[in-house]
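Source file: protein.cif (mmCIF, C-alpha atoms)
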data_entry
#
loop_
_atom_site.label_atom_id
_atom_site.label_comp_id
_atom_site.auth_asym_id
_atom_site.auth_seq_id
_atom_site.Cartn_x
_atom_site.Cartn_y
_atom_site.Cartn_z
CA SER A 159 -25.57 24.24 -4.99
CA GLN A 160 -22.46 22.16 -5.69
CA TYR A 161 -23.90 19.44 -3.44
CA GLN A 162 -27.12 18.99 -5.45
CA ASN A 163 -27.37 15.80 -7.47
CA ASP A 164 -30.20 14.60 -9.70
CA ARG A 165 -29.78 11.01 -8.51
CA ILE A 166 -29.65 11.89 -4.80
CA PRO A 167 -31.41 15.28 -4.45
CA ILE A 168 -31.44 17.25 -1.23
CA PRO A 169 -34.96 16.71 0.17
CA ALA A 170 -37.18 19.79 0.31
CA LEU A 171 -39.31 19.91 3.45
CA PRO A 172 -42.94 21.08 3.32
CA ASP A 173 -43.32 24.85 3.68
CA PRO A 174 -45.60 25.44 6.71
CA LYS A 175 -45.12 29.22 6.68
CA PRO A 176 -44.40 31.76 3.94
CA PHE A 177 -40.70 32.45 3.29
CA SER A 178 -39.55 29.68 5.66
CA PRO A 179 -36.46 27.62 4.73
CA TYR A 180 -37.16 24.43 2.78
CA SER A 181 -34.15 22.40 3.95
CA PHE A 182 -33.19 20.90 7.29
CA LEU A 183 -30.03 23.02 7.69
CA GLY A 184 -31.89 26.18 6.72
CA ARG A 185 -34.48 25.59 9.42
CA LEU A 186 -31.75 24.77 11.92
CA VAL A 187 -30.07 28.13 11.19
CA LEU A 188 -33.41 29.95 11.46
CA HIS A 189 -34.06 28.28 14.82
CA LEU A 190 -30.64 29.32 16.13
CA LEU A 191 -31.28 32.93 15.11
CA ARG A 192 -34.71 32.90 16.75
CA MET A 193 -33.39 31.37 19.97
CA SER A 194 -30.71 34.06 20.29
CA LYS A 195 -32.94 36.95 19.17
CA THR A 196 -34.91 37.38 22.39
CA ALA A 197 -32.10 36.32 24.73
CA ILE A 198 -29.34 38.41 26.29
CA PHE A 199 -25.74 37.60 25.41
CA ILE A 200 -23.32 37.64 28.37
CA PRO A 201 -19.71 37.77 27.12
CA ALA A 202 -18.21 36.57 30.42
CA LEU A 203 -20.26 33.36 30.19
CA GLY A 204 -20.16 33.06 26.40
CA SER A 205 -23.86 32.24 26.15
CA TRP A 206 -27.30 33.70 25.55
CA TYR A 207 -29.71 33.71 28.51
CA GLU A 208 -33.45 34.18 28.69
CA LEU A 209 -34.86 36.89 30.93
CA PRO A 210 -36.22 36.89 33.58
CA SER A 211 -35.85 33.11 34.02
CA GLY A 212 -32.05 33.16 33.60
CA GLU A 213 -32.07 29.90 31.65
CA GLN A 214 -29.43 29.36 28.99
CA ALA A 215 -30.91 29.66 25.50
CA VAL A 216 -27.82 29.17 23.32
CA GLY A 217 -24.33 28.23 24.48
CA ASP A 218 -21.41 25.86 24.06
CA ARG A 219 -23.63 22.87 24.81
CA THR A 220 -25.92 23.89 21.95
CA PHE A 221 -23.17 23.72 19.35
CA ALA A 222 -21.72 20.56 20.90
CA ALA A 223 -25.15 18.91 20.58
CA ILE A 224 -25.44 20.02 16.94
CA ASN A 225 -21.94 18.69 16.27
CA ASN A 226 -22.84 15.34 17.81
CA ALA A 227 -26.02 15.20 15.72
CA ILE A 228 -24.82 16.21 12.25
CA GLY A 229 -21.03 16.07 12.58
CA PRO A 230 -18.41 18.72 11.87
CA GLN A 231 -19.33 18.79 8.16
CA GLY A 232 -22.92 19.65 9.04
CA LEU A 233 -21.83 22.24 11.61
CA ALA A 234 -19.52 23.80 9.03
CA ALA A 235 -22.47 23.94 6.62
CA VAL A 236 -24.49 25.81 9.27
CA ASP A 237 -21.58 28.22 9.62
CA ARG A 238 -21.52 28.74 5.84
CA ILE A 239 -25.24 29.49 5.74
CA LEU A 240 -24.76 32.04 8.53
CA CYS A 241 -21.92 33.55 6.49
CA PHE A 242 -24.22 34.03 3.49
CA SER A 243 -26.90 35.45 5.79
CA ALA A 244 -24.45 37.98 7.26
CA ALA A 245 -23.27 39.00 3.78
CA LYS A 246 -26.85 39.55 2.62
CA GLU A 247 -27.70 41.51 5.77
CA CYS A 248 -24.61 43.71 5.34
CA ALA A 249 -25.49 44.47 1.72
CA THR A 250 -29.10 45.30 2.62
CA THR A 251 -28.00 47.49 5.54
CA ILE A 252 -25.53 49.44 3.41
CA GLY A 253 -28.17 50.02 0.72
CA GLU A 254 -30.73 51.30 3.24
CA MET A 255 -28.16 53.50 4.97
CA ARG A 256 -27.01 55.02 1.68
CA LYS A 257 -30.57 55.97 0.71
CA SER A 258 -31.34 57.44 4.14
CA VAL A 259 -28.04 59.26 4.61
CA ASP A 260 -28.17 60.84 1.16
CA ALA A 261 -31.54 62.36 2.06
CA PHE A 262 -30.02 64.17 5.05
CA THR A 263 -26.64 65.10 3.62
CA GLU A 264 -27.35 68.84 3.81
CA GLY A 265 -28.27 68.61 7.48
CA PHE A 266 -25.13 66.63 8.27
CA GLU A 267 -22.96 69.16 6.44
CA ALA A 268 -24.53 72.04 8.38
CA VAL A 269 -23.88 70.36 11.72
CA GLU A 270 -20.34 69.41 10.70
CA ALA A 271 -19.61 73.01 9.71
CA ALA A 272 -21.06 74.31 12.97
CA LEU A 273 -18.82 71.95 14.98
CA ALA A 274 -15.69 73.55 13.53
CA PRO A 275 -13.27 74.14 15.10
CA THR A 276 -13.39 70.89 17.04
CA SER A 277 -11.22 72.38 19.79
CA SER A 278 -14.15 74.49 21.10
CA LEU A 279 -17.40 73.47 22.78
CA PRO A 280 -20.65 73.58 20.75
CA ASN A 281 -22.95 76.47 21.51
CA GLU A 282 -26.63 76.32 22.44
CA ALA A 283 -27.82 77.03 18.89
CA LEU A 284 -25.92 74.00 17.62
CA SER A 285 -27.56 71.82 20.28
CA ARG A 286 -31.00 72.83 19.03
CA THR A 287 -29.98 72.13 15.43
CA TYR A 288 -28.61 68.77 16.45
CA GLU A 289 -31.79 67.80 18.31
CA ALA A 290 -33.96 68.88 15.38
CA MET A 291 -31.92 66.72 13.02
CA LEU A 292 -32.13 63.71 15.34
CA ASN A 293 -35.90 64.07 15.50
CA ARG A 294 -35.97 63.44 11.76
CA LEU A 295 -34.05 60.18 12.03
CA PRO A 296 -35.75 57.97 14.65
CA THR A 297 -36.95 55.46 12.05
CA LEU A 298 -33.49 55.17 10.51
CA PHE A 299 -31.83 54.60 13.89
CA GLU A 300 -34.42 51.96 14.78
CA VAL A 301 -33.92 50.08 11.51
CA MET A 302 -30.13 50.35 11.74
CA GLY A 303 -30.19 49.07 15.31
CA ARG A 304 -32.12 45.96 14.28
CA ARG A 305 -29.81 45.37 11.31
CA PHE A 306 -26.64 45.76 13.39
CA HIS A 307 -28.09 43.50 16.06
CA THR A 308 -28.77 40.76 13.51
CA ILE A 309 -25.29 41.05 11.98
CA GLY A 310 -23.60 41.02 15.38
CA ARG A 311 -25.66 38.05 16.56
CA THR A 312 -24.77 36.14 13.40
CA GLN A 313 -21.09 36.92 13.93
CA LEU A 314 -21.21 35.68 17.51
CA LEU A 315 -22.93 32.45 16.45
CA ARG A 316 -20.22 31.90 13.82
CA ARG A 317 -17.55 32.60 16.41
CA TYR A 318 -18.81 29.89 18.77
CA ILE A 319 -19.40 27.45 15.93
CA GLY A 320 -15.76 28.00 14.97
CA GLY A 321 -14.77 27.28 18.56
CA GLU A 322 -16.63 23.98 18.52
CA LEU A 323 -15.08 23.01 15.18
CA ARG A 324 -11.64 23.97 16.46
CA ALA A 325 -12.02 21.89 19.62
CA HIS A 326 -13.27 18.91 17.61
CA CYS A 327 -10.35 19.15 15.18
CA LYS A 328 -7.80 19.49 17.99
CA GLN A 329 -9.17 16.38 19.67
CA HIS A 330 -9.58 14.13 16.62
CA ALA A 331 -6.98 15.51 14.17
CA HIS A 332 -4.39 17.38 16.19
CA THR A 333 -1.67 17.14 13.53
CA LEU A 334 -4.00 18.46 10.83
CA TYR A 335 -5.02 21.38 13.04
CA ASN A 336 -1.40 22.36 13.72
CA ALA A 337 -0.59 22.14 10.01
CA LEU A 338 -3.55 24.37 9.10
CA ARG A 339 -2.70 26.86 11.84
CA VAL A 340 0.91 27.15 10.67
CA THR A 341 -0.27 27.48 7.06
CA ASN A 342 -2.68 30.23 8.06
CA ASP A 343 0.04 32.15 9.93
CA SER A 344 2.40 31.78 6.97
CA LEU A 345 -0.18 33.07 4.50
CA VAL A 346 -0.93 36.06 6.73
CA ASP A 347 2.80 36.88 6.85
CA ASP A 348 3.02 36.57 3.05
CA LEU A 349 0.07 38.93 2.63
CA LEU A 350 1.60 41.47 5.02
CA ARG A 351 4.89 41.36 3.13
CA HIS A 352 3.02 41.76 -0.16
CA TYR A 353 1.19 44.87 1.00
CA ALA A 354 4.43 46.29 2.41
CA ASN A 355 6.39 45.69 -0.80
CA PRO A 356 4.20 44.45 -3.71
CA ALA A 357 7.05 44.58 -6.25
CA ASP A 358 9.24 42.00 -4.50
CA ASN A 359 6.56 39.89 -2.77
CA PRO A 360 3.78 38.53 -5.00
CA MET A 361 0.39 37.76 -3.50
CA PRO A 362 -0.22 34.02 -2.83
CA LEU A 363 -3.36 33.84 -4.95
CA ARG A 364 -3.31 30.17 -5.92
CA ILE A 365 -3.00 28.50 -2.54
CA VAL A 366 -5.50 30.68 -0.65
CA PRO A 367 -8.72 29.34 -2.24
CA GLU A 368 -7.38 25.79 -1.90
CA VAL A 369 -6.77 25.89 1.86
CA VAL A 370 -9.68 28.15 2.94
CA PRO A 371 -12.27 25.30 2.93
CA PHE A 372 -10.03 23.23 5.21
CA MET A 373 -9.53 26.17 7.57
CA ASP A 374 -13.26 26.83 7.76
CA LEU A 375 -13.94 23.17 8.50
CA ALA A 376 -11.26 23.07 11.22
CA GLY A 377 -12.35 26.36 12.82
CA VAL A 378 -9.01 28.05 12.12
CA ALA A 379 -10.58 31.05 10.36
CA ASP A 380 -11.85 34.04 12.36
CA PRO A 381 -15.31 35.15 11.13
CA GLN A 382 -14.89 38.60 12.68
CA THR A 383 -11.94 39.40 10.40
CA LYS A 384 -13.63 38.36 7.14
CA VAL A 385 -14.81 40.85 4.50
CA TYR A 386 -18.47 40.17 3.71
CA VAL A 387 -19.20 42.95 1.24
CA ALA A 388 -17.28 45.66 -0.60
CA SER A 389 -18.91 49.06 -0.87
CA LYS A 390 -18.17 52.66 -1.60
CA PRO A 391 -18.17 55.07 1.39
CA VAL A 392 -21.64 55.85 2.72
CA GLY A 393 -21.69 59.63 3.13
CA PRO A 394 -21.10 60.96 6.67
CA LEU A 395 -21.39 57.50 8.17
CA ALA A 396 -19.05 58.18 11.12
CA PHE A 397 -21.15 61.18 12.16
CA LEU A 398 -24.36 59.17 11.77
CA LEU A 399 -23.12 56.33 13.98
CA GLY A 400 -21.75 58.78 16.53
CA ALA A 401 -25.06 60.62 16.70
#
Here is a file; write its structure as structure tokens.
Amino acid sequence: SQYQNDRIPIPALPDPKPFSPYSFLGRLVLHLLRMSKTAIFIPALGSWYELPSGEQAVGDRTFAAINNAIGPQGLAAVDRILCFSAAKECATTIGEMRKSVDAFTEGFEAVEAALAPTSSLPNEALSRTYEAMLNRLPTLFEVMGRRFHTIGRTQLLRRYIGGELRAHCKQHAHTLYNALRVTNDSLVDDLLRHYANPADNPMPLRIVPEVVPFMDLAGVADPQTKVYVASKPVGPLAFLLGA
């Protein structure tokens, strides 16, 4: 880590369980993920709630309390750890999906051919073929569901951490927040113009890595629009998700 120093090392906490995080922030992230794992997220309220008690497990007050305890720099570090966790989960999910989908490529191709033309309704024989294929994939769907749930939960946590950082920056450094927001909008416009006409509009490569840390710390960035991993297409993925 760039923050490690031989003179002032980051303390490593005792490891009570196998594969548990050894740092304070790592255990804080793990606790957040565990608190939100068994709870139900309600978008209208923006929080996770325990069932059947209805008590709030994770919400705006949770991130406000973390911000008061470790400051915006610490909360941004939690967000960064969640970012790395989401990237790792995405890479693992894509690898597992590629192995599983490749094993059933022939079955997918048969069903896709039987669905043609798409303007007509599938016949009874196709329904039986479809059910037989689905019976071969319950384990894959179960694993994918858990993976997608973890990635989505991590994204939601990052979204509300960004909201807390944004509110803190607006309150304590309003001018800085407006400057970063305008810079972000300008860079997005430059990127759009570049992709529309690359010959006349060069990509702003130098300034982007310089301002991104400030935007992450101020909550200007949107975690749901970030690219976590680049991968080649995974077979008939659209059909698999639709199934």
Two-atom distance - CA of Leu323 in chain A, CA of Ala376 in chain A (Å): 5.5 Å
As an exercise, work out the distance from CA of Lys195 in chain A to CA of Cys327 in chain A in Å and give it to one decimal place.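 One can read the CA of Lys195 in chain A to CA of Cys327 in chain A distance as 29.0 Å.
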Which residues fall under the PyMOL selection byres ((chain A and resi 222) around 12) in this file, as a list in words?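 What the PyMOL selection byres ((chain A and resi 222) around 12) grabs from the file is Val216, Gly217, Asp218, Arg219, Thr220, Phe221, Ala223, Ile224, Asn225, Asn226, Ala227, Ile228, Gly229, Pro230, Gly232, Leu233, Tyr318, Ile319, Gly320, Gly321, Glu322, Leu323, Arg324, Ala325 and His326 of chain A.
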Expected selection from the PyMOL selection byres ((chain A and resi 193) around 12), given as a PyMOL selection string: chain A and resi 186-192+194-199+205-208+213-217+220+311-312+315
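Computed from the coordinates, the CA of Ile239 in chain A to CA of Leu375 in chain A distance equals 13.2 Å.
Those residues that approach range 338-342 of chain A to within 9 Å, counting all atoms listed in the file, are Thr333, Leu334, Val346, Asp347, Val369, Val370, Phe372, Met373, Ala376, Val378 and Ala379 of chain A; same-chain residues fewer than 4 positions away are not listed.
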Considering all atoms listed in the file, state which residue in the set A:Asp380, A:Gly204, A:Leu345, A:Arg351 is at the smallest distance from Val366 in chain A.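 Residue with the minimum atom-to-atom distance to Val366 in chain A: A:Leu345.
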With the file shown as input, list the residues that the PyMOL selection byres ((chain A and resi 240-250) around 9) selects, as a list in words.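 On the file shown, the PyMOL selection byres ((chain A and resi 240-250) around 9) covers Val187, Ala235, Val236, Asp237, Arg238, Ile239, Thr251, Ile252, Gly253, Glu254, Met255, Arg305, Phe306, Thr308, Ile309, Gly310, Thr312, Gln313, Leu315, Arg316, Pro381, Val385, Tyr386, Val387, Ala388 and Ser389 of chain A.
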Of the residues A:Lys328, A:Asp374, A:Asn336, A:Ile200, which is the one nearest to Gly212 in chain A, using all atoms listed in the file? A:Ile200
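In terms of minimum interatomic distance to Val259 in chain A, A:Phe299 ranks closest within A:Ala271, A:Pro360, A:Ser278, A:Phe299, counting only C-alpha atoms.
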